[in-house]
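*Asks:* Okay, here's the structure, questions in a sec.
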Amino acid sequence: RLQVVANKELNDSYFLLTLAPFSQEAAFSLPEILPGQFVQVLTEASGAFLRRPISVCDVDYARQQLLLLVQKVGKGTHALAHLTTSDTVDLLYPLGNGFTFPNQSSEAYRPLLVGGGVGTAPMLYLARCMRARGIEPNVLLGARTADLIVMRDHFEEFAHLHVTTEDGSMGVKGFVTDHPALREGAYTHIYVCGPKAMMVAVASLAHKRAISCEVSLENTMACGIGACLCCVENTKEGNLCVCTEGPVFNIDRLQW
Ligand code: FES
């Protein structure tokens, strides 16, 4: 169980939940968490039986804090939105496999991180981990409107930030696939998380431009540990559980 340190509403759709080990349990600290991994949260207050899968948005080991960017989509996530600093949360974590990236920067490695909607979440921790290895990533965030582009100041700490909005209220008007960074940028690796249609479109562009591309799939999950088979993705290697074999896959493995 982790303690709620803060729970901040970012707008009508998103909130940022900050969790930490109990302060009295000084011997317990956060385990190693890789960018792209996720947690399974029990939302006891909602009465929901199943845990909710949520991407790790950021980890601050100095403060021993785990940040989750959560979108309000149903009664489970609405219950999480109402947690206060007196509450604790039951988590299974860290789960799944993360993104792959080199140990140090080089001319041959120029990454672009693309996040759409709540798919923005894992890109922040990925950007932080890349910077820790001396890599300077570019990040492209997309949303319907400017108020749905969240955590810009956090991203600007670690990355060069580009934005698209469908209504043109911030950055380039249109979808992430309309942004010059994605269409023409000299990147060697693209990492994507967001709505499936967006990920397929980005993967298609990456494929055409012969750029390596990893996507973080958001298939419906229940158990999160490979037991219920409800998250299966049909890949070139057969049916694979996204929760244990992913959620991150190189597009070369998928039937897209
Ligand atoms: Fe149960 Fe993946 S969520 S097997």
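In the structure tokens, the first chain shown is A, the next is B, and so on; residue numbers restart at 1 for each chain, and ligands run from 1 in the order shown.
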Can you pull out every residue with an atom within 9 Å of ligand 1? Use only C-alpha atoms and all ligand atoms and format it as an NGL selection string.
*Replies:* :A and (53 or 219-232 or 240-245)
*Asks:* Per DSSP on the backbone, what are the strand (DSSP E or B) residues of range 72-240 of chain A, as a PyMOL selection string?
*Replies:* chain A and resi 88-95+97+106+109+111-116+138-143+160-165+172-173+189-193+212-216+232-235+238-240
*Asks:* For a quick check of understanding, using only C-alpha atoms, which of A:Val202, A:Val139, A:Leu34, A:Phe158 has the smallest distance to Val248 in chain A?
*Replies:*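 Once distances to Val248 in chain A are computed over only C-alpha atoms, the minimum belongs to A:Leu34.
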*Asks:* Run DSSP on the backbone of this structure and report the residues of range 5-186 of chain A it assigns to alpha helix (DSSP H), as number ranges by chain.
*Replies:* A: 75-81, 121-132, 152-158, 180-184
*Asks:* Include N, CA and C atoms and write out the residues we just selected as a PDB file, in the first residue's frame.
*Replies:*
ATOM      1  N   LYS A  75     -16.398   4.653 -12.887  1.00  0.00           N
ATOM      2  CA  LYS A  75     -16.541   4.832 -11.437  1.00  0.00           C
ATOM      3  C   LYS A  75     -15.234   4.541 -10.684  1.00  0.00           C
ATOM      4  N   GLY A  76     -14.384   3.637 -11.236  1.00  0.00           N
ATOM      5  CA  GLY A  76     -13.113   3.350 -10.576  1.00  0.00           C
ATOM      6  C   GLY A  76     -12.198   4.564 -10.559  1.00  0.00           C
ATOM      7  N   THR A  77     -12.034   5.192 -11.718  1.00  0.00           N
ATOM      8  CA  THR A  77     -11.136   6.348 -11.779  1.00  0.00           C
ATOM      9  C   THR A  77     -11.762   7.565 -11.092  1.00  0.00           C
ATOM     10  N   HIS A  78     -13.088   7.685 -11.109  1.00  0.00           N
ATOM     11  CA  HIS A  78     -13.724   8.777 -10.360  1.00  0.00           C
ATOM     12  C   HIS A  78     -13.468   8.606  -8.858  1.00  0.00           C
ATOM     13  N   ALA A  79     -13.471   7.343  -8.376  1.00  0.00           N
ATOM     14  CA  ALA A  79     -13.179   7.109  -6.955  1.00  0.00           C
ATOM     15  C   ALA A  79     -11.750   7.534  -6.637  1.00  0.00           C
ATOM     16  N   LEU A  80     -10.810   7.243  -7.559  1.00  0.00           N
ATOM     17  CA  LEU A  80      -9.427   7.665  -7.337  1.00  0.00           C
ATOM     18  C   LEU A  80      -9.307   9.192  -7.300  1.00  0.00           C
ATOM     19  N   ALA A  81     -10.155   9.855  -8.089  1.00  0.00           N
ATOM     20  CA  ALA A  81     -10.102  11.327  -8.141  1.00  0.00           C
ATOM     21  C   ALA A  81     -10.471  11.936  -6.790  1.00  0.00           C
ATOM     22  N   ALA A 121       1.031  10.102 -20.448  1.00  0.00           N
ATOM     23  CA  ALA A 121       1.572   9.730 -19.140  1.00  0.00           C
ATOM     24  C   ALA A 121       2.940   9.036 -19.188  1.00  0.00           C
ATOM     25  N   PRO A 122       3.100   7.913 -19.884  1.00  0.00           N
ATOM     26  CA  PRO A 122       4.395   7.213 -19.802  1.00  0.00           C
ATOM     27  C   PRO A 122       5.531   7.978 -20.453  1.00  0.00           C
ATOM     28  N   MET A 123       5.207   8.955 -21.299  1.00  0.00           N
ATOM     29  CA  MET A 123       6.258   9.687 -22.013  1.00  0.00           C
ATOM     30  C   MET A 123       7.065  10.586 -21.075  1.00  0.00           C
ATOM     31  N   LEU A 124       6.462  11.030 -19.986  1.00  0.00           N
ATOM     32  CA  LEU A 124       7.195  11.904 -19.071  1.00  0.00           C
ATOM     33  C   LEU A 124       8.316  11.128 -18.373  1.00  0.00           C
ATOM     34  N   TYR A 125       7.999   9.960 -17.852  1.00  0.00           N
ATOM     35  CA  TYR A 125       9.030   9.176 -17.158  1.00  0.00           C
ATOM     36  C   TYR A 125      10.081   8.673 -18.147  1.00  0.00           C
ATOM     37  N   LEU A 126       9.641   8.362 -19.374  1.00  0.00           N
ATOM     38  CA  LEU A 126      10.602   7.955 -20.409  1.00  0.00           C
ATOM     39  C   LEU A 126      11.564   9.106 -20.704  1.00  0.00           C
ATOM     40  N   ALA A 127      11.020  10.319 -20.826  1.00  0.00           N
ATOM     41  CA  ALA A 127      11.876  11.485 -21.090  1.00  0.00           C
ATOM     42  C   ALA A 127      12.842  11.701 -19.928  1.00  0.00           C
ATOM     43  N   ARG A 128      12.361  11.566 -18.697  1.00  0.00           N
ATOM     44  CA  ARG A 128      13.238  11.742 -17.527  1.00  0.00           C
ATOM     45  C   ARG A 128      14.386  10.720 -17.547  1.00  0.00           C
ATOM     46  N   CYS A 129      14.055   9.454 -17.840  1.00  0.00           N
ATOM     47  CA  CYS A 129      15.087   8.402 -17.825  1.00  0.00           C
ATOM     48  C   CYS A 129      16.091   8.597 -18.959  1.00  0.00           C
ATOM     49  N   MET A 130      15.602   9.078 -20.120  1.00  0.00           N
ATOM     50  CA  MET A 130      16.534   9.353 -21.224  1.00  0.00           C
ATOM     51  C   MET A 130      17.493  10.462 -20.833  1.00  0.00           C
ATOM     52  N   ARG A 131      16.962  11.543 -20.236  1.00  0.00           N
ATOM     53  CA  ARG A 131      17.840  12.658 -19.832  1.00  0.00           C
ATOM     54  C   ARG A 131      18.871  12.200 -18.817  1.00  0.00           C
ATOM     55  N   ALA A 132      18.477  11.272 -17.954  1.00  0.00           N
ATOM     56  CA  ALA A 132      19.422  10.766 -16.954  1.00  0.00           C
ATOM     57  C   ALA A 132      20.583  10.040 -17.627  1.00  0.00           C
ATOM     58  N   ARG A 152       2.838  20.320 -19.287  1.00  0.00           N
ATOM     59  CA  ARG A 152       3.837  20.886 -20.203  1.00  0.00           C
ATOM     60  C   ARG A 152       5.112  21.275 -19.481  1.00  0.00           C
ATOM     61  N   ASP A 153       4.933  21.918 -18.291  1.00  0.00           N
ATOM     62  CA  ASP A 153       6.129  22.391 -17.578  1.00  0.00           C
ATOM     63  C   ASP A 153       7.007  21.215 -17.143  1.00  0.00           C
ATOM     64  N   HIS A 154       6.397  20.076 -16.791  1.00  0.00           N
ATOM     65  CA  HIS A 154       7.177  18.886 -16.418  1.00  0.00           C
ATOM     66  C   HIS A 154       7.984  18.400 -17.630  1.00  0.00           C
ATOM     67  N   PHE A 155       7.327  18.336 -18.792  1.00  0.00           N
ATOM     68  CA  PHE A 155       8.024  17.850 -19.987  1.00  0.00           C
ATOM     69  C   PHE A 155       9.173  18.766 -20.368  1.00  0.00           C
ATOM     70  N   GLU A 156       8.957  20.084 -20.218  1.00  0.00           N
ATOM     71  CA  GLU A 156       9.986  21.025 -20.656  1.00  0.00           C
ATOM     72  C   GLU A 156      11.253  20.930 -19.811  1.00  0.00           C
ATOM     73  N   GLU A 157      11.165  20.291 -18.646  1.00  0.00           N
ATOM     74  CA  GLU A 157      12.369  20.044 -17.839  1.00  0.00           C
ATOM     75  C   GLU A 157      13.311  19.058 -18.532  1.00  0.00           C
ATOM     76  N   PHE A 158      12.733  18.119 -19.287  1.00  0.00           N
ATOM     77  CA  PHE A 158      13.537  17.009 -19.812  1.00  0.00           C
ATOM     78  C   PHE A 158      13.622  16.955 -21.330  1.00  0.00           C
ATOM     79  N   PRO A 180       5.143  18.590 -38.408  1.00  0.00           N
ATOM     80  CA  PRO A 180       6.393  18.393 -39.181  1.00  0.00           C
ATOM     81  C   PRO A 180       7.409  17.540 -38.436  1.00  0.00           C
ATOM     82  N   ALA A 181       7.411  17.600 -37.104  1.00  0.00           N
ATOM     83  CA  ALA A 181       8.396  16.794 -36.350  1.00  0.00           C
ATOM     84  C   ALA A 181       8.245  15.323 -36.706  1.00  0.00           C
ATOM     85  N   LEU A 182       7.006  14.904 -36.851  1.00  0.00           N
ATOM     86  CA  LEU A 182       6.757  13.489 -37.144  1.00  0.00           C
ATOM     87  C   LEU A 182       6.892  13.191 -38.639  1.00  0.00           C
ATOM     88  N   ARG A 183       6.472  14.136 -39.467  1.00  0.00           N
ATOM     89  CA  ARG A 183       6.466  13.885 -40.912  1.00  0.00           C
ATOM     90  C   ARG A 183       7.864  14.031 -41.535  1.00  0.00           C
ATOM     91  N   GLU A 184       8.666  14.972 -40.947  1.00  0.00           N
ATOM     92  CA  GLU A 184       9.943  15.279 -41.614  1.00  0.00           C
ATOM     93  C   GLU A 184      11.151  15.207 -40.688  1.00  0.00           C
TER      94      GLU A 184
END
*Asks:* So, with only C-alpha atoms as the atoms that count, which of A:Ala62, A:Val163, A:Leu95, A:Met151 lies closest to Gly246 in chain A?
*Replies:*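 Smallest distance to Gly246 in chain A is found for A:Leu95.
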*Asks:* Go through A:Trp256, A:Tyr109, A:Tyr14, A:Phe99 one by one, measure the shortest atom-to-atom distance of each to Leu69 in chain A using only C-alpha atoms, and give the residue with the smallest value.
*Replies:*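 Residue with the minimum atom-to-atom distance to Leu69 in chain A: A:Tyr14.
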*Asks:* Can you measure CA of Leu83 in chain A to CA of Gln37 in chain A for me? One decimal in Å is fine.
*Replies:*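 Value for the CA of Leu83 in chain A-CA of Gln37 in chain A distance: 22.7 Å.
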*Asks:* Measuring atom to atom with only C-alpha atoms, identify which of A:Ala48, A:Ile135, A:Val192, A:Leu10 is nearest to Gly119 in chain A.
*Replies:*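 The closest residue to Gly119 in chain A is A:Val192.
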*Asks:* Within 10 Å of range 203-216 of chain A, which residues of range 65-178 of chain A show up? Give each one with its shortest atom-to-atom distance in Å (one decimal) and the two atoms involved, counting only C-alpha atoms, rows by chain then rising residue number, as JSON lines.
*Replies:*
{"residue": "A:Asn97", "atom": "CA", "partner": "A:Ser216", "partner_atom": "CA", "distance": 9.6}
{"residue": "A:Gly98", "atom": "CA", "partner": "A:Ser216", "partner_atom": "CA", "distance": 8.5}
{"residue": "A:Phe99", "atom": "CA", "partner": "A:Glu214", "partner_atom": "CA", "distance": 7.1}
{"residue": "A:Thr100", "atom": "CA", "partner": "A:Glu214", "partner_atom": "CA", "distance": 8.3}
{"residue": "A:Pro111", "atom": "CA", "partner": "A:Ser212", "partner_atom": "CA", "distance": 9.5}
{"residue": "A:Leu112", "atom": "CA", "partner": "A:Cys213", "partner_atom": "CA", "distance": 9.5}
{"residue": "A:Leu113", "atom": "CA", "partner": "A:Glu214", "partner_atom": "CA", "distance": 9.7}
{"residue": "A:Val114", "atom": "CA", "partner": "A:Val215", "partner_atom": "CA", "distance": 9.4}
{"residue": "A:Gly119", "atom": "CA", "partner": "A:Ser216", "partner_atom": "CA", "distance": 8.4}
{"residue": "A:Pro122", "atom": "CA", "partner": "A:Ser216", "partner_atom": "CA", "distance": 8.7}
{"residue": "A:Thr177", "atom": "CA", "partner": "A:Leu205", "partner_atom": "CA", "distance": 7.9}
*Asks:* Can you tell me which residues surround Tyr61 in chain A at a distance of at most 9 Å, considering only C-alpha atoms, apart from same-chain residues fewer than 5 positions away, and format the answer as a count of residues only?
*Replies:* 3
*Asks:* Give me, please, the distance in Å between CA of Cys57 in chain A and CA of Gln71 in chain A, quoted to one decimal.
*Replies:*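 A separation of 12.1 Å between them.
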*Asks:* Please determine, counting only C-alpha atoms, which residue among A:Pro137, A:Pro31, A:Gly36, A:Gly47 has the shortest atom-to-atom distance to His189 in chain A.
*Replies:*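 So, comparing all the options, the nearest one is A:Pro137.
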*Asks:* Any idea what the distance is between CA of Val200 in chain A and CA of Gln255 in chain A?
*Replies:* 10.4 Å
